[in-house]
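Enquirer: So here's input-v9.pdb, just PDB, C-alpha atoms:
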```pdb
ATOM      1  CA  LEU A  20      13.847  46.484 -80.147  1.00  0.00           C
ATOM      2  CA  ALA A  21      17.202  46.136 -78.398  1.00  0.00           C
ATOM      3  CA  ASP A  22      15.870  47.992 -75.344  1.00  0.00           C
ATOM      4  CA  ASP A  23      14.044  45.944 -72.789  1.00  0.00           C
ATOM      5  CA  GLU A  24      11.765  47.200 -70.051  1.00  0.00           C
ATOM      6  CA  ARG A  25      14.592  47.095 -67.481  1.00  0.00           C
ATOM      7  CA  SER A  26      16.789  49.398 -69.552  1.00  0.00           C
ATOM      8  CA  PRO A  27      16.926  53.074 -68.529  1.00  0.00           C
ATOM      9  CA  ARG A  28      16.271  53.966 -72.194  1.00  0.00           C
ATOM     10  CA  ALA A  29      12.982  52.041 -72.327  1.00  0.00           C
ATOM     11  CA  THR A  30       9.946  54.322 -72.095  1.00  0.00           C
ATOM     12  CA  PRO A  31       6.226  53.663 -71.699  1.00  0.00           C
ATOM     13  CA  HIS A  32       5.699  55.333 -75.079  1.00  0.00           C
ATOM     14  CA  ALA A  33       8.130  52.992 -76.825  1.00  0.00           C
ATOM     15  CA  ASP A  34       6.451  50.018 -75.170  1.00  0.00           C
ATOM     16  CA  MET A  35       3.000  51.237 -76.295  1.00  0.00           C
ATOM     17  CA  ILE A  36       4.227  51.577 -79.874  1.00  0.00           C
ATOM     18  CA  GLN A  37       5.670  48.071 -79.797  1.00  0.00           C
ATOM     19  CA  ARG A  38       2.401  46.677 -78.372  1.00  0.00           C
ATOM     20  CA  LEU A  39       0.426  48.422 -81.109  1.00  0.00           C
ATOM     21  CA  LEU A  40       2.848  47.189 -83.765  1.00  0.00           C
ATOM     22  CA  THR A  41       2.476  43.597 -82.559  1.00  0.00           C
ATOM     23  CA  GLN A  42      -1.323  43.901 -82.396  1.00  0.00           C
ATOM     24  CA  THR A  43      -1.641  45.361 -85.888  1.00  0.00           C
ATOM     25  CA  SER A  44       0.763  42.741 -87.236  1.00  0.00           C
ATOM     26  CA  ILE A  45      -1.502  40.015 -85.870  1.00  0.00           C
ATOM     27  CA  GLN A  46      -4.557  41.682 -87.390  1.00  0.00           C
ATOM     28  CA  SER A  47      -2.795  42.116 -90.741  1.00  0.00           C
ATOM     29  CA  GLN A  48      -1.884  38.444 -90.792  1.00  0.00           C
ATOM     30  CA  LEU A  49      -5.484  37.507 -89.939  1.00  0.00           C
ATOM     31  CA  SER A  50      -6.622  39.682 -92.824  1.00  0.00           C
ATOM     32  CA  TYR A  51      -4.254  37.848 -95.181  1.00  0.00           C
ATOM     33  CA  TYR A  52      -5.541  34.498 -93.930  1.00  0.00           C
ATOM     34  CA  ASN A  53      -9.086  35.680 -94.676  1.00  0.00           C
ATOM     35  CA  GLU A  54      -8.155  36.850 -98.146  1.00  0.00           C
ATOM     36  CA  PHE A  55      -6.494  33.551 -99.002  1.00  0.00           C
ATOM     37  CA  LYS A  56      -9.238  31.528 -97.262  1.00  0.00           C
ATOM     38  CA  ASN A  57      -6.888  29.874 -94.796  1.00  0.00           C
ATOM     39  CA  GLU A  58      -9.414  29.399 -91.993  1.00  0.00           C
ATOM     40  CA  LEU A  59      -7.302  26.934 -90.049  1.00  0.00           C
ATOM     41  CA  MET A  60      -4.327  29.257 -89.634  1.00  0.00           C
ATOM     42  CA  GLY A  61      -6.599  32.228 -88.964  1.00  0.00           C
ATOM     43  CA  ARG A  62      -8.399  30.415 -86.167  1.00  0.00           C
ATOM     44  CA  TRP A  63      -5.119  29.226 -84.699  1.00  0.00           C
ATOM     45  CA  LEU A  64      -3.667  32.748 -84.664  1.00  0.00           C
ATOM     46  CA  GLU A  65      -6.867  34.212 -83.170  1.00  0.00           C
ATOM     47  CA  SER A  66      -6.852  31.691 -80.363  1.00  0.00           C
ATOM     48  CA  PHE A  67      -3.110  31.896 -79.641  1.00  0.00           C
ATOM     49  CA  LEU A  68      -2.828  33.077 -76.016  1.00  0.00           C
ATOM     50  CA  GLY A  69      -6.511  34.077 -75.990  1.00  0.00           C
ATOM     51  CA  HIS A  70      -6.639  36.808 -78.630  1.00  0.00           C
ATOM     52  CA  GLU A  71     -10.004  35.947 -80.219  1.00  0.00           C
ATOM     53  CA  HIS A  72     -11.069  39.592 -79.859  1.00  0.00           C
ATOM     54  CA  LEU A  73      -8.552  40.542 -82.585  1.00  0.00           C
ATOM     55  CA  ARG A  74     -10.624  38.584 -85.120  1.00  0.00           C
ATOM     56  CA  VAL A  75     -10.961  40.051 -88.598  1.00  0.00           C
ATOM     57  CA  LYS A  76     -14.465  39.345 -89.885  1.00  0.00           C
ATOM     58  CA  ARG A  77     -14.683  38.220 -93.466  1.00  0.00           C
ATOM     59  CA  THR A  78     -17.118  40.443 -95.346  1.00  0.00           C
ATOM     60  CA  GLY A  79     -17.089  38.932 -98.810  1.00  0.00           C
ATOM     61  CA  ASP A  80     -15.164  36.877-101.290  1.00  0.00           C
ATOM     62  CA  TYR A  81     -12.615  39.599-102.022  1.00  0.00           C
ATOM     63  CA  GLY A  82     -10.284  41.412 -99.662  1.00  0.00           C
ATOM     64  CA  GLY A  83      -9.329  40.801 -96.094  1.00  0.00           C
ATOM     65  CA  GLY A  84     -12.389  41.804 -94.104  1.00  0.00           C
ATOM     66  CA  ARG A  85     -13.388  44.131 -91.282  1.00  0.00           C
ATOM     67  CA  ILE A  86     -11.285  44.572 -88.155  1.00  0.00           C
ATOM     68  CA  GLY A  87     -13.362  43.951 -85.049  1.00  0.00           C
ATOM     69  CA  PHE A  88     -11.030  45.455 -82.445  1.00  0.00           C
ATOM     70  CA  ARG A  89      -9.692  48.961 -82.877  1.00  0.00           C
ATOM     71  CA  GLY A  90      -7.711  50.468 -80.080  1.00  0.00           C
ATOM     72  CA  VAL A  91      -4.304  51.547 -78.927  1.00  0.00           C
ATOM     73  CA  THR A  92      -4.464  49.787 -75.579  1.00  0.00           C
ATOM     74  CA  GLY A  93      -6.033  46.518 -74.525  1.00  0.00           C
ATOM     75  CA  GLY A  94      -5.372  44.695 -77.791  1.00  0.00           C
ATOM     76  CA  LEU A  95      -2.818  42.281 -76.411  1.00  0.00           C
ATOM     77  CA  ARG A  96      -3.725  40.144 -73.422  1.00  0.00           C
ATOM     78  CA  CYS A  97      -0.053  39.856 -72.454  1.00  0.00           C
ATOM     79  CA  HIS A  98       3.140  41.814 -72.952  1.00  0.00           C
ATOM     80  CA  TRP A  99       4.252  41.935 -76.587  1.00  0.00           C
ATOM     81  CA  ARG A 100       7.599  40.326 -75.742  1.00  0.00           C
ATOM     82  CA  ASP A 101       5.868  37.414 -73.990  1.00  0.00           C
ATOM     83  CA  TYR A 102       3.538  36.929 -76.965  1.00  0.00           C
ATOM     84  CA  LEU A 103       6.407  36.716 -79.470  1.00  0.00           C
ATOM     85  CA  ALA A 104       8.682  34.689 -77.188  1.00  0.00           C
ATOM     86  CA  THR A 105       5.936  32.133 -76.519  1.00  0.00           C
ATOM     87  CA  MET A 106       5.226  31.832 -80.231  1.00  0.00           C
ATOM     88  CA  LEU A 107       8.909  31.370 -81.065  1.00  0.00           C
ATOM     89  CA  ARG A 108       9.394  28.758 -78.305  1.00  0.00           C
ATOM     90  CA  SER A 109       6.339  26.706 -79.192  1.00  0.00           C
ATOM     91  CA  GLY A 110       6.871  23.546 -81.170  1.00  0.00           C
ATOM     92  CA  PRO A 111       5.407  22.647 -84.537  1.00  0.00           C
ATOM     93  CA  GLN A 112       1.789  21.554 -84.656  1.00  0.00           C
ATOM     94  CA  GLU A 113       0.026  19.360 -87.191  1.00  0.00           C
ATOM     95  CA  TYR A 114      -3.636  19.486 -88.141  1.00  0.00           C
ATOM     96  CA  ASP A 115      -5.680  17.166 -90.303  1.00  0.00           C
ATOM     97  CA  VAL A 116      -8.327  19.156 -92.164  1.00  0.00           C
ATOM     98  CA  ARG A 117     -11.113  17.627 -94.220  1.00  0.00           C
ATOM     99  CA  TYR A 118     -13.839  19.308 -96.197  1.00  0.00           C
ATOM    100  CA  ARG A 119     -16.682  17.650 -97.998  1.00  0.00           C
ATOM    101  CA  VAL A 120     -16.943  18.235-101.708  1.00  0.00           C
ATOM    102  CA  GLY A 121     -19.332  21.115-102.229  1.00  0.00           C
ATOM    103  CA  THR A 122     -18.659  22.756 -98.863  1.00  0.00           C
ATOM    104  CA  ALA A 123     -19.799  26.339 -99.240  1.00  0.00           C
ATOM    105  CA  ASP A 124     -17.256  29.115 -99.000  1.00  0.00           C
ATOM    106  CA  ILE A 125     -17.849  31.008 -95.747  1.00  0.00           C
ATOM    107  CA  GLY A 126     -17.769  34.383 -97.542  1.00  0.00           C
ATOM    108  CA  TRP A 127     -20.918  33.522 -99.488  1.00  0.00           C
ATOM    109  CA  TRP A 128     -22.670  31.387 -96.876  1.00  0.00           C
ATOM    110  CA  PRO A 129     -25.608  30.888 -96.878  1.00  0.00           C
ATOM    111  CA  GLN A 130     -26.635  30.924-100.494  1.00  0.00           C
ATOM    112  CA  SER A 131     -29.389  29.111-102.273  1.00  0.00           C
ATOM    113  CA  ALA A 132     -29.183  27.169-105.520  1.00  0.00           C
ATOM    114  CA  GLN A 133     -31.185  29.939-107.195  1.00  0.00           C
ATOM    115  CA  ASP A 134     -28.558  32.520-106.171  1.00  0.00           C
ATOM    116  CA  THR A 135     -25.762  30.352-107.591  1.00  0.00           C
ATOM    117  CA  GLU A 136     -27.656  29.839-110.828  1.00  0.00           C
ATOM    118  CA  LYS A 137     -28.419  33.560-111.120  1.00  0.00           C
ATOM    119  CA  LYS A 138     -24.758  34.526-110.596  1.00  0.00           C
ATOM    120  CA  ALA A 139     -23.640  32.077-113.292  1.00  0.00           C
ATOM    121  CA  THR A 140     -26.312  33.346-115.689  1.00  0.00           C
ATOM    122  CA  ASP A 141     -25.450  36.993-114.993  1.00  0.00           C
ATOM    123  CA  ALA A 142     -21.749  36.355-115.585  1.00  0.00           C
ATOM    124  CA  THR A 143     -22.123  34.776-119.035  1.00  0.00           C
ATOM    125  CA  GLY A 144     -25.536  35.929-120.187  1.00  0.00           C
ATOM    126  CA  GLU A 145     -26.467  32.288-120.725  1.00  0.00           C
ATOM    127  CA  GLN A 146     -27.919  29.688-118.438  1.00  0.00           C
ATOM    128  CA  PRO A 147     -25.177  27.264-117.338  1.00  0.00           C
ATOM    129  CA  ALA A 148     -25.333  23.703-118.691  1.00  0.00           C
ATOM    130  CA  TRP A 149     -25.916  22.199-115.262  1.00  0.00           C
ATOM    131  CA  ALA A 150     -28.835  24.526-114.417  1.00  0.00           C
ATOM    132  CA  GLU A 151     -31.453  22.585-116.398  1.00  0.00           C
ATOM    133  CA  ALA A 152     -30.491  19.263-114.799  1.00  0.00           C
ATOM    134  CA  SER A 153     -30.455  20.905-111.389  1.00  0.00           C
ATOM    135  CA  ALA A 154     -33.906  22.394-111.938  1.00  0.00           C
ATOM    136  CA  SER A 155     -35.327  18.957-112.803  1.00  0.00           C
ATOM    137  CA  ARG A 156     -34.396  17.694-109.299  1.00  0.00           C
ATOM    138  CA  ARG A 157     -36.356  20.347-107.418  1.00  0.00           C
TER
END
```
Represent the structure from my file as structure tokens, please.

Expert:
Amino acid sequence: LADDERSPRATPHADMIQRLLTQTSIQSQLSYYNEFKNELMGRWLESFLGHEHLRVKRTGDYGGGRIGFRGVTGGLRCHWRDYLATMLRSGPQEYDVRYRVGTADIGWWPQSAQDTEKKATDATGEQPAWAEASASRR
């Protein structure tokens, strides 16, 4: 990475590889955020410098998800050096995140009470203790 675009040793091929490396690094990190259910950081990284199209869609409760953008060119909206330099120069940011108790996990959303009860019953072979009380409220 010591070569810059003004250097006689810099080539369009090297630049393309570095763009692709930066793009796939972003998508890998988004996949990790999905896997560890860190929605806040995932959304921040997607929106950094307008890269929402690199979103990795969560497909279930396990694993990272499905990559929405696949391509060698057009992944980054700016030069890879500008992307990294802007990120390194930006200051720290704080966010206050609040979730209500019982907020459904996005990987399983939407799910009904019957689905939840069935999953618990299937896992143990017995009806969970809370299922009877829950059924009385319907």

Enquirer: Name the residues captured by the PyMOL selection byres ((chain A and resi 30-42) around 7) when it is applied to the shown file; answer as a list in words.

Expert: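 In the shown coordinates, the PyMOL selection byres ((chain A and resi 30-42) around 7) covers Arg28, Ala29, Thr43, Ser44, Ile45, Gln46, Val91, Gly94, Leu95 and Trp99 of chain A.
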
Enquirer: Okay, now the selection with C-alpha atoms, as an mmCIF file, in the frame of the given file?

Expert:
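again-v7.cif was written with the following content:
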```cif
data_model
loop_
_atom_site.group_PDB
_atom_site.id
_atom_site.type_symbol
_atom_site.label_atom_id
_atom_site.label_comp_id
_atom_site.auth_asym_id
_atom_site.auth_seq_id
_atom_site.Cartn_x
_atom_site.Cartn_y
_atom_site.Cartn_z
ATOM 1 C CA ARG A 28 16.271 53.966 -72.194
ATOM 2 C CA ALA A 29 12.982 52.041 -72.327
ATOM 3 C CA THR A 43 -1.641 45.361 -85.888
ATOM 4 C CA SER A 44 0.763 42.741 -87.236
ATOM 5 C CA ILE A 45 -1.502 40.015 -85.870
ATOM 6 C CA GLN A 46 -4.557 41.682 -87.390
ATOM 7 C CA VAL A 91 -4.304 51.547 -78.927
ATOM 8 C CA GLY A 94 -5.372 44.695 -77.791
ATOM 9 C CA LEU A 95 -2.818 42.281 -76.411
ATOM 10 C CA TRP A 99 4.252 41.935 -76.587
#
```

Enquirer: A:Met60, A:Tyr52, A:Leu73, A:Val120: which is nearest Arg96 of chain A, counting only C-alpha atoms?

Expert: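 Once distances to Arg96 of chain A are computed over only C-alpha atoms, the minimum belongs to A:Leu73.
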
Enquirer: For the atom pair atom CA of Leu59 of chain A and atom CA of Lys76 of chain A, what is the interatomic distance in Å to one decimal place?

Expert: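 Separation between atom CA of Leu59 of chain A and atom CA of Lys76 of chain A: 14.3 Å.
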
Enquirer: Calculated over all atoms listed in the file, which of the candidates A:Asn53, A:Thr105, A:Thr92, A:Gln48 has the smallest distance to Leu68 of chain A?

Expert: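 Of the candidates, the smallest distance to Leu68 of chain A is held by A:Thr105.
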